[in-house]
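Structure first, then comments.
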Amino acid sequence: MKDFINAYSWINIHYLLQGLWITVAVSVVSILGSYVLGSILGIIRYVNIKIVSPIVGLFIDIIRNLPLLLIIFFTYFGLPNLGFRPSSVWATILAMTVFESTMIAEIVRSGIAAVDPGQMEGARANGLSYGQAMYHIVLPQAMKKMIPALVSQFISLIKDTSLATIIVLPDLMHNAQIVYGQNSTYILPMFLMIAIMYFIVCYALSLLSRSLDRRMS
């Protein structure tokens with residue numbers, strides 16, 4: 001019990017909260033970036049543009065089948081050889097955005113494909129262009145179908161930020177390792193606190209998605 005009390009001193013908790021802030025900040029930027037890029041890639045793959053769609057499809061298939069850790073290594077250790085030296089934070093954001101965007105692209109493509117083709121046909125018959133029908137009719141319906149899968153992917157993204165500890169990203173996991181590295185009796189208390197913090201962030205995202213789903217219904 002004494003180990004738990006000492007482990008949860010204000011200094012240690014404050015240090016963990018600093019790491020949690022980095023985890024949340026990296027996650028939010030990566031989620032926004034991957035959602036925008038993934039939506040574009042998914043729509044391009046769905047509409048089947050000559051030459052462009054097959055290239056996008058190949059890119060998606062390649063990235064999706066690579067380990068995320070390998071992409072993180074490439075952005076942090078490989079890009080400097082090409083003249084670009086990102087910090088551990090931006091290397092993580094870049095890696096997460098590229099990797100997650102390919103996952104989201106498939107979710108978007110599947111969501112659009114799940115909408116009744118008659119919706120597009122009806123919109124076109126009423127004088128809407130393909131782009132207008134896609135934006136105003138198809139995508140809003142597809143979005144509702146995508147929400148559960150998107151939220152699940154975003155939660156995975158938040159948890160996957162812990163992989164960036166390997167490139168010394170000062171996130172929640174990294175800071176916890178620093179704390180229990182100074183005193184091995186803090187290992188269990190730190191793991192417990194990490195679990196609680198990750199749960200709070202991920203569960204909050206789940207509640208937000210449920211609220212959004214109800215509003216769209």
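Simple scheme: letters A, B, ... for chains in structure tokens order, numbers from 1 for residues in each chain, numbers from 1 for ligands in the order shown.
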Using only C-alpha atoms, find each residue of segment 155-179 of chain A with at least one atom at most 9 Å away from an atom of segment 202-206 of chain A; report its shortest atom-to-atom pair and that distance in Å (one decimal), sort the rows by chain and rising residue number, and return the result as a Markdown table.
```
| residue | atom | partner | partner_atom | distance |
| --- | --- | --- | --- | --- |
| A:Ile155 | CA | A:Cys202 | CA | 5.8 |
| A:Ser156 | CA | A:Cys202 | CA | 8.9 |
| A:Ile158 | CA | A:Cys202 | CA | 7.5 |
| A:Lys159 | CA | A:Cys202 | CA | 8.4 |
```
Just-selected residues, N, CA and C atoms written as a PDB file, in the first residue's frame:
```pdb
ATOM      1  N   ILE A 155     -10.151   4.805 -31.705  1.00  0.00           N
ATOM      2  CA  ILE A 155      -9.747   4.293 -30.392  1.00  0.00           C
ATOM      3  C   ILE A 155      -8.462   3.481 -30.529  1.00  0.00           C
ATOM      4  N   SER A 156      -8.380   2.686 -31.596  1.00  0.00           N
ATOM      5  CA  SER A 156      -7.149   1.926 -31.843  1.00  0.00           C
ATOM      6  C   SER A 156      -5.971   2.862 -32.066  1.00  0.00           C
ATOM      7  N   ILE A 158      -5.557   5.861 -30.783  1.00  0.00           N
ATOM      8  CA  ILE A 158      -5.139   6.416 -29.490  1.00  0.00           C
ATOM      9  C   ILE A 158      -4.241   5.434 -28.751  1.00  0.00           C
ATOM     10  N   LYS A 159      -4.642   4.182 -28.739  1.00  0.00           N
ATOM     11  CA  LYS A 159      -3.847   3.166 -28.033  1.00  0.00           C
ATOM     12  C   LYS A 159      -2.529   2.891 -28.746  1.00  0.00           C
TER      13      LYS A 159
END
```
Dump as JSON lines the rows for residues of segment 16-39 of chain A within 10 Å of segment 185-197 of chain A: closest atom pair and distance in Å with one decimal, only C-alpha atoms counted, ordered by chain and rising residue number.
```
{"residue": "A:Leu16", "atom": "CA", "partner": "A:Ile194", "partner_atom": "CA", "distance": 8.3}
{"residue": "A:Leu17", "atom": "CA", "partner": "A:Met197", "partner_atom": "CA", "distance": 8.9}
{"residue": "A:Leu20", "atom": "CA", "partner": "A:Met197", "partner_atom": "CA", "distance": 7.6}
```
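The smallest atom-to-atom distance between Leu58 of chain A and any of A:Gln119, A:Ile13, A:Val24, A:Arg45, using only C-alpha atoms, is found for A:Arg45.
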Inset, instruction - Go through A:Val47, A:Arg214, A:Phe73, A:Ser209 and flag the residue nearest Tyr130 of chain A, using only C-alpha atoms for the distances. - result: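 With only C-alpha atoms as the atom set, the closest residue is A:Val47.
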Using only C-alpha atoms, tabulate the residues of segment 152-202 of chain A lying at most 10 Å from any atom of segment 25-39 of chain A, each with its closest atom pair and that distance in Å to one decimal, by chain and increasing residue number, as CSV.
```
residue,atom,partner,partner_atom,distance
A:Gln153,CA,A:Ile31,CA,9.3
A:Phe154,CA,A:Ile31,CA,6.5
A:Ile155,CA,A:Ser27,CA,9.2
A:Leu157,CA,A:Ser27,CA,6.8
A:Ile158,CA,A:Ser27,CA,5.5
A:Lys159,CA,A:Ser27,CA,8.9
A:Asp160,CA,A:Ser27,CA,9.2
A:Thr161,CA,A:Ser27,CA,7.2
A:Leu169,CA,A:Val26,CA,9.9
A:Asp171,CA,A:Val26,CA,8.9
```
Legend entry - Interatomic distance, atom CA of Tyr135 of chain A to atom CA of Ile147 of chain A (Å, one decimal): 16.9 Å
